[in-house]
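Structure first, commentary second.
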Amino acid sequence: MSRLVVVSNRVALVEEGKQAAGGLAVAILAALKKTGGIWFGWSGKVVDGESQAEPTRTEAGKLTYATLDLGRRDHEEYYNGFANQTLWPLFHYRLGLISVNRRTREGYERVNAYFADKLEPLLRADDMIWVHDYHLIPFGDELRRRGCSQRMGFFLHTPFPPPELLTALPNHRDLVRELCAYDLVGFHTATDLRGFCDYIRRETDGQVEQRGAYGSAIIRAFGRTLLAKVFPISIDTEALESLARTAGRSRQAERLRESLVGRRLIIGVDRLDYSKGLPQRFAAFEQLLESYPEHCNRVTFLQVAPPSREDVPEYIAIRRELSEMAGRINGRFAEFDWQPIRYLNRSFGQRVLAGFYRLANVGLVTPLRDGMNLVAKEYVACQDAEDPGVLVLSQFAGAAQELGEALIVNPFDIEGVGDALQRALTMPLGERKERHAAMMRTLRSHHIGWWRESYVDALTRAPYDFPAT
Ligand SMILES: O=P(O)(O)OC[C@H]1O[C@H](O[C@H]2O[C@H](CO)[C@@H](O)[C@H](O)[C@H]2O)[C@H](O)[C@@H](O)[C@@H]1O
Ligand SMILES: O=c1ccn([C@@H]2O[C@H](COP(=O)(O)OP(=O)(O)O)[C@@H](O)[C@H]2O)c(=O)[nH]1
């Protein structure tokens, strides 16, 4: 079996014997432990001056972590700049928020080239290379320029926008050409795959041949043949189910339960990101209290929102906006013994979250656009099958394409989400159980191991030499 080399912007260094945080880290570690290999990327540290000259290597059995500290300028232009102020809003359909400038684009290309310089000497001829996310689109092309002919796959964790939006980016063609340097390009949903195929058809001389029931296409473009395919990421369903059974009785979950003194609980858990639709969500909760005043003093909304990408101006703005909204709504509806919104700018570990999900009558997941949204899946997996809560889910989260039994909402329709909350809070047990059971069937078959194995299996078969039709 070939060795696997995983490349991602963030590397989750896990101490021997300790548990990795987050489904993606668990999946990648499981894949790497099987085949042995390297996990390469940014260390998460920013240093004064230049980026680190040589990677720091940490050995853990058959696995080597190779990480690089980024210099301040590289971090600013590559991560804060082009990745998070251009590609992130563009890929989340937010043209009004994109900033376009040559300096950050050059920084992005420079850091990708520098990463390729540092990984190339560590590679073996029969390695399989799996690159993750929008930070690293040019990375495969950079390796190819250095003569690397190994099998290379890319997985995009965000949405891929339709060509009408993508063409707002200067030099958009270069970015898509770089994507075509990979042998396999994975997306979360059929919508994302369609955006990519439409771009190839409309903006290049390339050809698209659609295949497969679940969504895949052979792409011939820029002198290369590659497979583009849908691989919806998921969670470790079984592990979360068993975690939630005991986590519901943990000290923190008990404290939360006691603090509610019999009130119902709505929960939201998101990075503090404008893509997550938090202002609209707060407004929808306000709408619930306004339209259905019987819930006043009977329902609490807990929103966990750890700050994210704090150097980027749009993230500073959304944080201010949400604090003001929470203050205003609480000021309007609170009683001396009840605070309607508990808004927390901090993160919690998976075990605590599992206990909180288990207690919550409603999981409220309303992004304006989201690649997948693992929180939606985690909420469902953590419910008690005999008395499950209800998932209210945005139609614009990738997860909605699999979890059709959730209450699917349009997050821009504040009154509609308010009504969905009312429906969720009053849904009869029989309907709750049916919806939950159907979603669990999906999550049990499409779990994180299935995602990882399907992707690695497809990459193993590269390079693709499909006969032209
Ligand atoms: O690394 P950060 O800048 O702190 O951001 C955290 C991650 O956010 C994004 O997550 C996406 O991946 C999830 C798993 O596939 C998916 O469910 C979600 O919809 C996406 O938003 C980002 O794409 C990651 O690279 C970041 O590490
Ligand atoms: O306080 C928190 C908030 C979130 N998460 C985890 O972070 C991930 C968020 O993934 P998702 O796909 O929902 O969104 P992203 O942040 O990747 O855009 C999920 O596994 C959450 O359980 C966490 O561990 N602690």
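Residues in the structure tokens are named by chain (A, B, ... in the order shown) and by number from 1 within that chain; ligands are numbered from 1 in the order shown.
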
Open item on the list: Taking 2 positions as the minimum chain separation for residues in the same chain, which residues sit within 10 Å of A:Arg224 when counting only C-alpha atoms? Answer as a PyMOL selection string.
Closed with: chain A and resi 177+180-183+206+219-222+226+464-465

TODO: Name each residue within 9 Å of ligand 2, counting only C-alpha atoms and all ligand atoms, as a VMD selection string.
DONE: chain A and resid 21 to 24 157 to 158 233 to 235 269 to 273 275 to 276 304 to 306 308 345 to 354 365 370 to 379

Open item on the list: So that I can check the surroundings of A:Gly430, please list as a PyMOL selection string every protein, DNA and RNA residue that reaches within 12 Å of it, counting only C-alpha atoms and ignoring chain neighbours fewer than 5 positions away.
Closed with: chain A and resi 385-390+435-437

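Across the structure, atom CA of A:Thr104 and atom CA of A:Ala168 are spaced 16.1 Å apart.
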
Task: For ligand 1, the nearest of the candidates A:Gly36, A:Gly449, A:Pro307, A:Gly223, counting only C-alpha atoms and all ligand atoms - done: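 Residue with the minimum atom-to-atom distance to ligand 1: A:Pro307.
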
- [ ] Could you please write out, as a PyMOL selection string, every residue of stretch 97-318 of chain A that DSSP assigns to strand (DSSP E)?
- [x] chain A and resi 128-132+151-155+184-187+207-211+216-221+224-230+264-269+299-304

Open item on the list: Measuring between only C-alpha atoms, which one of A:Ala400, A:Leu265, A:Leu32, A:Leu175 shows the shortest distance to A:Arg452?
Closed with: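 Nearest candidate to A:Arg452 out of A:Ala400, A:Leu265, A:Leu32, A:Leu175: A:Leu32.
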
Task: Of the listed residues A:Phe356, A:Phe466, A:Phe154, A:Tyr455, that which approaches A:Ser250 most closely, counting only C-alpha atoms - done: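 So, comparing all the options, the nearest one is A:Phe356.
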
Open item on the list: I want to know what sits within 7 Å of stretch 45-59 of chain A, based on only C-alpha atoms, with residues of the same chain fewer than 2 positions away left out; could you give that as number ranges by chain?
Closed with: A: 43, 61, 63-72, 75, 118

Hey, can you spit out that residue selection with N, CA and C atoms as a short mmCIF file (atom, residue, chain, number, x, y, z; two decimals), in the first residue's frame?
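Saved as selection_21.cif:
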data_model
loop_
_atom_site.label_atom_id
_atom_site.label_comp_id
_atom_site.auth_asym_id
_atom_site.auth_seq_id
_atom_site.Cartn_x
_atom_site.Cartn_y
_atom_site.Cartn_z
N SER A 43 2.08 25.27 11.15
CA SER A 43 2.06 24.86 12.56
C SER A 43 0.97 25.58 13.35
N GLY A 61 5.00 7.10 15.78
CA GLY A 61 4.86 5.78 15.14
C GLY A 61 5.16 5.88 13.65
N LEU A 63 3.75 7.70 11.62
CA LEU A 63 3.31 9.00 11.12
C LEU A 63 4.32 10.10 11.45
N THR A 64 4.60 10.94 10.45
CA THR A 64 5.47 12.10 10.69
C THR A 64 4.67 13.37 10.49
N TYR A 65 4.69 14.25 11.50
CA TYR A 65 4.13 15.59 11.31
C TYR A 65 5.26 16.47 10.82
N ALA A 66 5.03 17.22 9.77
CA ALA A 66 6.05 18.18 9.31
C ALA A 66 5.36 19.54 9.23
N THR A 67 5.74 20.45 10.11
CA THR A 67 5.02 21.73 10.17
C THR A 67 5.97 22.91 10.02
N LEU A 68 5.40 23.99 9.53
CA LEU A 68 6.18 25.21 9.30
C LEU A 68 5.51 26.39 10.00
N ASP A 69 6.31 27.21 10.67
CA ASP A 69 5.79 28.46 11.23
C ASP A 69 5.75 29.48 10.09
N LEU A 70 4.72 30.29 10.07
CA LEU A 70 4.64 31.31 9.01
C LEU A 70 5.15 32.66 9.52
N GLY A 71 5.91 33.35 8.68
CA GLY A 71 6.30 34.72 9.00
C GLY A 71 5.08 35.62 8.94
N ARG A 72 5.18 36.78 9.61
CA ARG A 72 4.02 37.66 9.73
C ARG A 72 3.45 38.07 8.37
N HIS A 75 1.71 35.13 6.64
CA HIS A 75 0.43 34.84 7.31
C HIS A 75 -0.62 35.88 6.91
N LYS A 118 9.22 22.88 0.36
CA LYS A 118 9.57 22.19 1.62
C LYS A 118 9.07 20.75 1.65
#

Open item on the list: Show me, as an NGL selection string, the residues that have an atom within 12 Å of A:Asn361 when counting only C-alpha atoms, minus same-chain residues fewer than 2 positions from it.
Closed with: :A and (257 or 262-268 or 299-302 or 356-359 or 363-364 or 379-380 or 382-384 or 387-392 or 421-427 or 429 or 432)

TODO: From a DSSP pass on the backbone, collect the residues of stretch 10-181 of chain A flagged as alpha helix (DSSP H) and hand them back as a PyMOL selection string.
DONE: chain A and resi 23-35+72-74+88-91+102-119+139-145+163-166+172-179

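Of the listed residues (A:Leu243, A:Val456, A:Val230, A:Ala83), A:Ala83 comes nearest to ligand 1; the distances count only C-alpha atoms and all ligand atoms.
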